[in-house]
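Undergrad: Please find data27.cif (mmCIF, C-alpha atoms) on the next line:
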```cif
data_my_file
#
loop_
_atom_site.label_atom_id
_atom_site.label_comp_id
_atom_site.auth_asym_id
_atom_site.auth_seq_id
_atom_site.Cartn_x
_atom_site.Cartn_y
_atom_site.Cartn_z
CA MET A 180 106.80 123.03 72.04
CA ASN A 181 104.06 120.51 71.32
CA PRO A 182 100.81 122.40 70.59
CA ALA A 183 98.92 119.74 72.62
CA PHE A 184 101.21 120.04 75.68
CA ASP A 185 98.74 122.19 77.62
CA LYS A 186 95.98 119.64 76.95
CA PHE A 187 98.23 116.87 78.33
CA LYS A 188 99.18 119.08 81.29
CA LYS A 189 95.49 119.42 82.22
CA ILE A 190 95.26 115.63 82.47
CA VAL A 191 98.46 115.32 84.50
CA THR A 192 97.64 118.12 86.94
CA ASN A 193 94.01 117.10 87.55
CA PRO A 194 94.10 114.53 90.39
CA PHE A 195 91.08 112.54 89.17
CA ALA A 196 92.11 112.57 85.48
CA PHE A 197 95.67 111.63 86.41
CA LYS A 198 94.50 108.63 88.46
CA LEU A 199 92.44 107.45 85.47
CA PHE A 200 95.48 108.00 83.22
CA LEU A 201 97.63 105.89 85.55
CA LEU A 202 95.06 103.11 85.75
CA GLN A 203 94.85 103.00 81.97
CA LYS A 204 98.52 103.49 81.01
CA LEU A 205 100.63 102.72 84.12
CA PRO A 206 98.69 100.59 86.61
CA ALA A 207 101.79 99.65 88.64
CA ALA A 208 102.46 103.36 89.22
CA PHE A 209 98.86 103.81 90.37
CA PHE A 210 99.16 101.04 92.96
CA ALA A 211 102.59 102.24 94.11
CA GLY A 212 101.06 105.66 94.80
CA LEU A 213 103.17 107.77 92.44
CA ARG A 214 102.02 111.38 92.26
CA ILE A 215 103.03 114.33 90.11
CA GLN A 216 104.25 117.17 92.31
CA GLU A 217 105.31 119.60 89.57
CA PHE A 218 104.79 119.57 85.81
CA SER A 219 105.86 122.16 83.25
CA PRO A 220 107.42 122.00 79.77
CA SER A 221 110.87 122.05 81.38
CA THR A 222 110.48 120.17 84.68
CA CYS A 223 108.62 117.25 86.19
CA SER A 224 108.74 116.04 89.79
CA VAL A 225 107.23 112.76 90.97
CA LYS A 226 106.62 111.88 94.61
CA VAL A 227 106.60 108.37 96.04
CA ARG A 228 106.25 107.33 99.69
CA TYR A 229 107.75 104.43 101.54
CA SER A 230 104.83 102.18 102.47
CA TRP A 231 103.84 98.58 102.87
CA PHE A 232 103.36 98.33 99.09
CA THR A 233 106.70 99.96 98.17
CA LYS A 234 108.95 98.37 100.79
CA ASN A 235 111.65 95.74 100.51
CA PRO A 236 112.87 93.33 103.25
CA PHE A 237 115.60 95.81 104.23
CA LYS A 238 113.19 98.47 105.56
CA SER A 239 113.66 100.78 102.60
CA MET A 240 111.96 101.42 99.29
CA TYR A 241 112.22 98.69 96.69
CA PHE A 242 114.62 99.79 93.95
CA ALA A 243 112.08 99.04 91.22
CA VAL A 244 109.64 101.54 92.77
CA GLU A 245 112.39 104.16 92.77
CA ALA A 246 113.11 103.34 89.12
CA MET A 247 109.42 103.66 88.28
CA ALA A 248 109.20 107.13 89.85
CA ALA A 249 112.47 108.25 88.27
CA GLU A 250 111.39 107.00 84.85
CA MET A 251 107.99 108.63 85.20
CA CYS A 252 109.40 112.11 85.79
CA SER A 253 111.45 112.00 82.58
CA GLY A 254 108.80 110.00 80.74
CA MET A 255 106.03 112.51 81.45
CA LEU A 256 108.18 115.22 79.86
CA VAL A 257 108.72 113.03 76.79
CA PHE A 258 105.05 112.02 76.67
CA GLY A 259 104.04 115.67 76.89
CA GLN A 260 106.08 116.41 73.77
CA VAL A 261 104.80 113.45 71.72
CA TYR A 262 101.15 113.63 72.89
CA GLN A 263 98.78 113.94 69.91
CA ARG A 264 101.62 114.95 67.57
CA SER A 265 101.25 114.89 63.83
CA PRO A 266 103.18 113.06 62.57
CA LYS A 267 103.06 110.60 65.44
CA VAL A 268 106.25 110.23 67.43
CA SER A 269 107.20 107.01 69.21
CA MET A 270 109.08 106.99 72.51
CA LEU A 271 111.02 104.21 74.19
CA VAL A 272 113.53 103.79 77.01
CA VAL A 273 116.59 102.08 75.53
CA LYS A 274 118.98 102.29 78.49
CA MET A 275 119.00 103.03 82.20
CA GLU A 276 121.92 103.72 84.54
CA VAL A 277 121.63 104.42 88.24
CA ASP A 278 123.72 105.43 91.23
CA PHE A 279 122.17 104.83 94.64
CA SER A 280 123.69 106.92 97.42
CA LYS A 281 121.34 106.60 100.40
CA LYS A 282 118.65 104.28 101.71
CA ALA A 283 115.23 105.41 100.45
CA THR A 284 112.76 105.81 103.30
CA GLY A 285 109.97 108.31 103.87
CA THR A 286 108.95 110.44 100.90
CA ILE A 287 111.25 110.58 97.88
CA ILE A 288 110.86 113.19 95.16
CA PHE A 289 112.39 112.54 91.75
CA THR A 290 112.94 115.54 89.51
CA CYS A 291 113.89 115.77 85.84
CA GLU A 292 114.73 119.17 84.38
CA ASP A 293 115.48 118.10 80.80
CA GLY A 294 112.29 119.34 79.17
CA GLN A 295 114.05 121.66 76.72
CA LEU A 296 116.44 118.89 75.66
CA ILE A 297 113.43 116.63 75.04
CA GLN A 298 111.58 119.31 73.06
CA ASN A 299 114.62 119.83 70.86
CA ALA A 300 115.05 116.08 70.23
CA VAL A 301 111.39 115.56 69.32
CA ASN A 302 111.41 118.57 66.99
CA GLU A 303 114.64 117.38 65.36
CA SER A 304 113.19 113.90 64.84
CA ILE A 305 110.08 115.37 63.20
CA ASN A 306 112.16 117.67 60.96
CA THR A 307 114.70 115.03 59.89
CA LYS A 308 112.46 111.93 60.02
CA GLN A 309 115.33 110.25 61.89
CA GLY A 310 115.37 108.68 65.33
CA LYS A 311 117.00 110.68 68.09
CA THR A 312 118.28 109.59 71.50
CA ILE A 313 118.55 111.75 74.58
CA ILE A 314 119.83 111.09 78.07
CA CYS A 315 117.54 112.42 80.79
CA LYS A 316 118.66 112.74 84.39
CA SER A 317 116.23 112.06 87.25
CA VAL A 318 117.47 113.06 90.69
CA GLY A 319 115.83 111.57 93.79
CA LYS A 320 115.97 113.34 97.15
CA ASN A 321 114.43 112.55 100.52
CA GLU A 322 112.46 114.93 102.77
CA ALA A 323 115.70 116.31 104.22
CA GLY A 324 116.90 117.21 100.71
CA GLU A 325 119.55 114.49 100.78
CA LEU A 326 120.46 112.78 97.53
CA VAL A 327 119.09 109.23 97.40
CA ALA A 328 119.66 108.22 93.77
CA ILE A 329 120.48 109.54 90.32
CA PHE A 330 118.95 107.76 87.33
CA ASN A 331 119.97 108.39 83.73
CA PHE A 332 117.44 107.22 81.16
CA THR A 333 118.30 107.08 77.48
CA TRP A 334 115.12 107.78 75.53
CA SER A 335 114.67 107.14 71.85
CA VAL A 336 112.16 109.27 69.94
CA LYS A 337 111.27 108.78 66.30
CA ALA A 338 108.73 110.47 64.06
CA LYS A 339 106.66 107.93 62.14
#
```
Any chance you could give the structure as structure tokens?
TA:
Amino acid sequence: MNPAFDKFKKIVTNPFAFKLFLLQKLPAAFFAGLRIQEFSPSTCSVKVRYSWFTKNPFKSMYFAVEAMAAEMCSGMLVFGQVYQRSPKVSMLVVKMEVDFSKKATGTIIFTCEDGQLIQNAVNESINTKQGKTIICKSVGKNEAGELVAIFNFTWSVKAK
């Protein structure tokens, strides 16, 4: 695990520090109201609410807002593993696939449980000095626990 993960976790789990982080690094996520619900080395959950700012003309959440929340839950796990690493490790989304199964209204929680897979990929990239890709799954469910969408993000990590 990244030795600086706990330092990054303190930022992510502190409401004030996290809002500053979003304003600096992900301003669209700040304005859309994305919030971290759970964050550990293995799992991240991001909550987003249907609102005036996140709506589309069809009385549901705009798909791009869903994608932002889904990407954030896998991206925070990746970021936590590359944060203040030596050597530095770059991260980039290189592909996204999605299956929508239900209209997104109310509160949607996206969860990614691929933290161990991410840790292994980052460590392998550092050890081999080669780029590594991983596919992370972000599952979105509504307040009733019904599946709304499944996003698969292909992340590329590479030690510099």
Undergrad: Distance cut-off 10 Å, centre (109.7, 109.9, 93.5) in file coordinates, counting all atoms listed in the file: which residues qualify? Return them as number ranges by chain.
TA: A: 212-216, 224-229, 244-252, 283, 286-290, 317-321
Undergrad: For CA of Phe258 in chain A and CA of Thr307 in chain A, determine how far apart the two atoms are, in Å to one decimal place.
TA: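 Calculated distance between CA of Phe258 in chain A and CA of Thr307 in chain A is 19.6 Å.
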Undergrad: With the PyMOL selection byres ((chain A and resi 186-188) around 9) as the selection, what would be picked from this file? Answer as a PyMOL selection string, please.
TA: chain A and resi 182-185+189-193+218-220+258-259+262-263
Undergrad: On this structure, the PyMOL selection byres ((chain A and resi 275) around 6) would catch which residues? List them as a VMD selection string, sorted by chain and number.
TA: chain A and resid 274 276 331 to 332
Undergrad: Given the file shown, enumerate the residues that the PyMOL selection byres ((chain A and resi 304) around 12) captures and present them as a list in words.
TA: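 Given this file, the PyMOL selection byres ((chain A and resi 304) around 12) evaluates to Gln260, Val261, Arg264, Pro266, Lys267, Val268, Ser269, Met270, Ile297, Gln298, Asn299, Ala300, Val301, Asn302, Glu303, Ile305, Asn306, Thr307, Lys308, Gln309, Gly310, Lys311, Thr312, Ile313, Ser335, Val336, Lys337, Ala338 and Lys339 of chain A.
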Undergrad: Report, in Å with one decimal, the straight-line distance from CA of Cys315 in chain A to CA of Thr333 in chain A.
TA: 6.3 Å
Undergrad: Neighbouring residues of Phe200 in chain A were defined as those with any atom within 9 Å, considering all atoms listed in the file; residues of the same chain fewer than 4 positions away were excluded. Please report them as a ChimeraX atom specification.
TA: /A:190-191,195-196,204-206,209
Undergrad: Write out as a VMD selection string the residues lying within 12 Å of Lys238 in chain A, counting only C-alpha atoms and excluding same-chain residues fewer than 6 positions away.
TA: chain A and resid 229 to 232 282 to 285
